[in-house]
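> Enclosed is the structure file coords-v8.cif (mmCIF, C-alpha atoms).
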data_structure
#
loop_
_atom_site.label_atom_id
_atom_site.label_comp_id
_atom_site.auth_asym_id
_atom_site.auth_seq_id
_atom_site.Cartn_x
_atom_site.Cartn_y
_atom_site.Cartn_z
CA MET A 1 51.10 27.15 31.11
CA MET A 2 48.43 26.12 33.51
CA PRO A 3 49.43 24.30 36.64
CA GLN A 4 48.20 20.73 36.83
CA LYS A 5 46.05 19.67 39.75
CA GLU A 6 46.81 16.56 41.63
CA GLY A 7 44.22 13.82 41.89
CA SER A 8 43.68 14.37 45.64
CA SER A 9 43.18 18.08 45.29
CA ALA A 10 40.69 17.82 42.43
CA ILE A 11 37.26 19.16 43.24
CA HIS A 12 34.58 16.52 42.78
CA GLN A 13 31.13 17.81 42.20
CA GLN A 14 28.21 15.62 43.07
CA ALA A 15 25.53 15.04 40.50
CA ASP A 16 22.20 16.73 40.88
CA PRO A 17 20.22 14.78 43.54
CA ASP A 18 17.19 14.58 41.19
CA TYR A 19 19.25 13.05 38.41
CA GLY A 20 18.38 9.41 37.74
CA ARG A 21 15.53 9.31 40.26
CA TYR A 22 12.37 7.45 39.16
CA GLU A 23 9.44 9.80 39.04
CA GLY A 24 6.60 7.56 37.83
CA ASN A 25 4.24 8.42 34.97
CA GLN A 26 5.00 12.05 34.47
CA ALA A 27 4.56 13.79 31.17
CA SER A 28 8.00 14.74 30.00
CA SER A 29 7.89 18.31 28.79
CA ALA A 30 10.96 17.75 26.58
CA ARG A 31 9.34 14.76 24.87
CA GLN A 32 6.07 16.59 24.32
CA HIS A 33 7.92 19.55 22.93
CA TYR A 34 9.56 17.52 20.15
CA GLU A 35 6.62 15.18 19.50
CA THR A 36 4.60 15.79 16.36
CA SER A 37 0.83 15.56 16.28
CA TYR A 38 1.10 12.27 14.35
CA GLU A 39 3.24 10.74 17.10
CA GLN A 40 0.76 11.92 19.70
CA ASP A 41 -2.10 10.32 17.76
CA VAL A 42 -0.22 7.04 17.50
CA ARG A 43 0.65 7.07 21.20
CA GLU A 44 -2.86 7.98 22.31
CA GLY A 45 -4.55 5.59 19.88
CA PRO A 46 -6.68 6.26 16.83
CA SER A 47 -10.11 7.73 17.28
CA CYS A 48 -11.54 5.77 14.34
CA LYS A 49 -10.62 2.73 12.29
CA ALA A 50 -8.18 3.13 9.43
CA TYR A 51 -8.59 0.74 6.54
CA PRO A 52 -5.94 0.07 3.90
CA ILE A 53 -6.57 1.28 0.38
CA PRO A 54 -8.08 -1.56 -1.67
CA ARG A 55 -6.09 -2.83 -4.62
CA ASP A 56 -7.07 -1.54 -8.03
CA ASN A 57 -7.76 -4.65 -10.14
CA THR A 58 -9.31 -2.92 -13.15
CA ASN A 59 -6.31 -3.38 -15.45
CA ILE A 60 -5.96 -7.04 -14.47
CA LEU A 61 -9.64 -7.68 -15.16
CA ARG A 62 -9.49 -5.86 -18.50
CA PHE A 63 -6.44 -7.86 -19.53
CA ALA A 64 -8.13 -11.12 -18.49
CA LEU A 65 -11.23 -10.23 -20.52
CA ALA A 66 -9.10 -9.50 -23.58
CA VAL A 67 -7.26 -12.83 -23.23
CA ILE A 68 -10.54 -14.73 -22.81
CA SER A 69 -11.96 -12.99 -25.89
CA LEU A 70 -8.93 -13.94 -27.98
CA GLY A 71 -9.18 -17.51 -26.73
CA LEU A 72 -12.84 -17.67 -27.75
CA VAL A 73 -12.01 -16.28 -31.21
CA LEU A 74 -9.42 -19.06 -31.67
CA LEU A 75 -11.85 -21.71 -30.39
CA PHE A 76 -14.68 -20.58 -32.65
CA GLY A 77 -12.24 -20.26 -35.56
CA LEU A 78 -11.26 -23.89 -35.18
CA LEU A 79 -14.86 -24.97 -34.68
CA PHE A 80 -16.50 -23.03 -37.51
CA ILE A 81 -13.77 -22.93 -40.16
CA VAL A 82 -12.09 -26.31 -39.70
CA VAL A 83 -15.01 -28.47 -38.49
CA ILE A 84 -17.93 -26.89 -40.37
CA GLY A 85 -15.95 -25.35 -43.24
CA GLY A 86 -17.16 -23.67 -46.38
CA THR A 87 -19.16 -20.49 -46.64
CA THR A 88 -21.36 -21.43 -43.68
CA GLY A 89 -18.29 -21.82 -41.45
CA TRP A 90 -16.87 -18.46 -42.46
CA ALA A 91 -20.20 -16.70 -41.97
CA SER A 92 -20.66 -18.33 -38.56
CA PHE A 93 -17.10 -17.35 -37.61
CA ALA A 94 -17.75 -13.73 -38.64
CA VAL A 95 -20.93 -13.58 -36.52
CA ALA A 96 -19.13 -15.15 -33.53
CA CYS A 97 -16.24 -12.67 -33.86
CA PHE A 98 -18.67 -9.75 -34.01
CA ALA A 99 -20.51 -11.00 -30.90
CA ILE A 100 -17.24 -11.49 -28.99
CA PHE A 101 -16.09 -8.03 -30.07
CA ILE A 102 -19.30 -6.39 -28.80
CA ILE A 103 -19.34 -8.35 -25.53
CA GLY A 104 -15.63 -7.72 -24.90
CA GLY A 105 -15.89 -4.02 -25.73
CA VAL A 106 -18.87 -3.46 -23.45
CA GLY A 107 -17.19 -5.52 -20.72
CA ILE A 108 -13.92 -3.57 -20.87
CA ILE A 109 -15.74 -0.23 -20.76
CA SER A 110 -17.98 -1.29 -17.86
CA ILE A 111 -15.14 -2.55 -15.62
CA LYS A 112 -14.39 0.23 -13.16
#
Can you turn what I pasted into structure tokens?


Amino acid sequence: MMPQKEGSSAIHQQADPDYGRYEGNQASSARQHYETSYEQDVREGPSCKAYPIPRDNTNILRFALAVISLGLVLLFGLLFIVVIGGTTGWASFAVACFAIFIIGGVGIISIK
């Protein structure tokens, strides 16, 4: 068993005199050692502007074009078949559908 020391006989060591002292704007070698190059770039500031990646709206535009095309087919169907009627209405509806198909197809392909 180890003998216990009394509180008055305990040896008190003083802290290092440099410990806790303010030293101004010094470059901490420990911090620089663990800092990655990315953290250094952020701390020092970027050398050029960084822009966010723009949103890709191609699928939204293609979907909107398809919905508009279907809406036009319904509109022309009502106009040519119901209002005009007969063989002339059906022929006009077929031509309108073909034109919408061509315009929509070219539009969907050209959206990039």

> Just give me the gap between CA of Ser69 in chain A and CA of Ser110 in chain A in Å, one decimal is fine.

15.4 Å

> Report as a compact mmCIF listing (two decimals) with C-alpha atoms, in the coordinates of the input the full result of the PyMOL selection byres ((chain A and resi 104) around 10) when it is applied to this structure.


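What follows is the written file part.txt:
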# COMPACT_ATOMS: atom_id res chain seq x y z
CA ARG A 62 -9.49 -5.86 -18.50
CA LEU A 65 -11.23 -10.23 -20.52
CA ALA A 66 -9.10 -9.50 -23.58
CA VAL A 67 -7.26 -12.83 -23.23
CA ILE A 68 -10.54 -14.73 -22.81
CA SER A 69 -11.96 -12.99 -25.89
CA LEU A 70 -8.93 -13.94 -27.98
CA PHE A 98 -18.67 -9.75 -34.01
CA ALA A 99 -20.51 -11.00 -30.90
CA ILE A 100 -17.24 -11.49 -28.99
CA PHE A 101 -16.09 -8.03 -30.07
CA ILE A 102 -19.30 -6.39 -28.80
CA ILE A 103 -19.34 -8.35 -25.53
CA GLY A 105 -15.89 -4.02 -25.73
CA VAL A 106 -18.87 -3.46 -23.45
CA GLY A 107 -17.19 -5.52 -20.72
CA ILE A 108 -13.92 -3.57 -20.87
CA ILE A 109 -15.74 -0.23 -20.76
CA SER A 110 -17.98 -1.29 -17.86

> Calculate how many Å separate CA of Ala91 in chain A from CA of Gly71 in chain A, rounding to one decimal.

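So the answer is 18.8 Å.
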
> Go ahead and compute the interatomic distance for CA of Cys97 in chain A and CA of Ala64 in chain A, in Å to one decimal.

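For CA of Cys97 in chain A relative to CA of Ala64 in chain A, the distance reads 17.4 Å.
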
> Can you give me, as an NGL selection string, the residues this file yields under the PyMOL selection byres ((chain A and resi 80) around 12)?

:A and (72-79 or 81-97)

> Could you take the residues named above and write them with C-alpha atoms, as a short mmCIF file (atom, residue, chain, number, x, y, z; two decimals), in the frame of the given file?


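Written out: again_17.cif:
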data_model
loop_
_atom_site.label_atom_id
_atom_site.label_comp_id
_atom_site.auth_asym_id
_atom_site.auth_seq_id
_atom_site.Cartn_x
_atom_site.Cartn_y
_atom_site.Cartn_z
CA LEU A 72 -12.84 -17.67 -27.75
CA VAL A 73 -12.01 -16.28 -31.21
CA LEU A 74 -9.42 -19.06 -31.67
CA LEU A 75 -11.85 -21.71 -30.39
CA PHE A 76 -14.68 -20.58 -32.65
CA GLY A 77 -12.24 -20.26 -35.56
CA LEU A 78 -11.26 -23.89 -35.18
CA LEU A 79 -14.86 -24.97 -34.68
CA ILE A 81 -13.77 -22.93 -40.16
CA VAL A 82 -12.09 -26.31 -39.70
CA VAL A 83 -15.01 -28.47 -38.49
CA ILE A 84 -17.93 -26.89 -40.37
CA GLY A 85 -15.95 -25.35 -43.24
CA GLY A 86 -17.16 -23.67 -46.38
CA THR A 87 -19.16 -20.49 -46.64
CA THR A 88 -21.36 -21.43 -43.68
CA GLY A 89 -18.29 -21.82 -41.45
CA TRP A 90 -16.87 -18.46 -42.46
CA ALA A 91 -20.20 -16.70 -41.97
CA SER A 92 -20.66 -18.33 -38.56
CA PHE A 93 -17.10 -17.35 -37.61
CA ALA A 94 -17.75 -13.73 -38.64
CA VAL A 95 -20.93 -13.58 -36.52
CA ALA A 96 -19.13 -15.15 -33.53
CA CYS A 97 -16.24 -12.67 -33.86
#
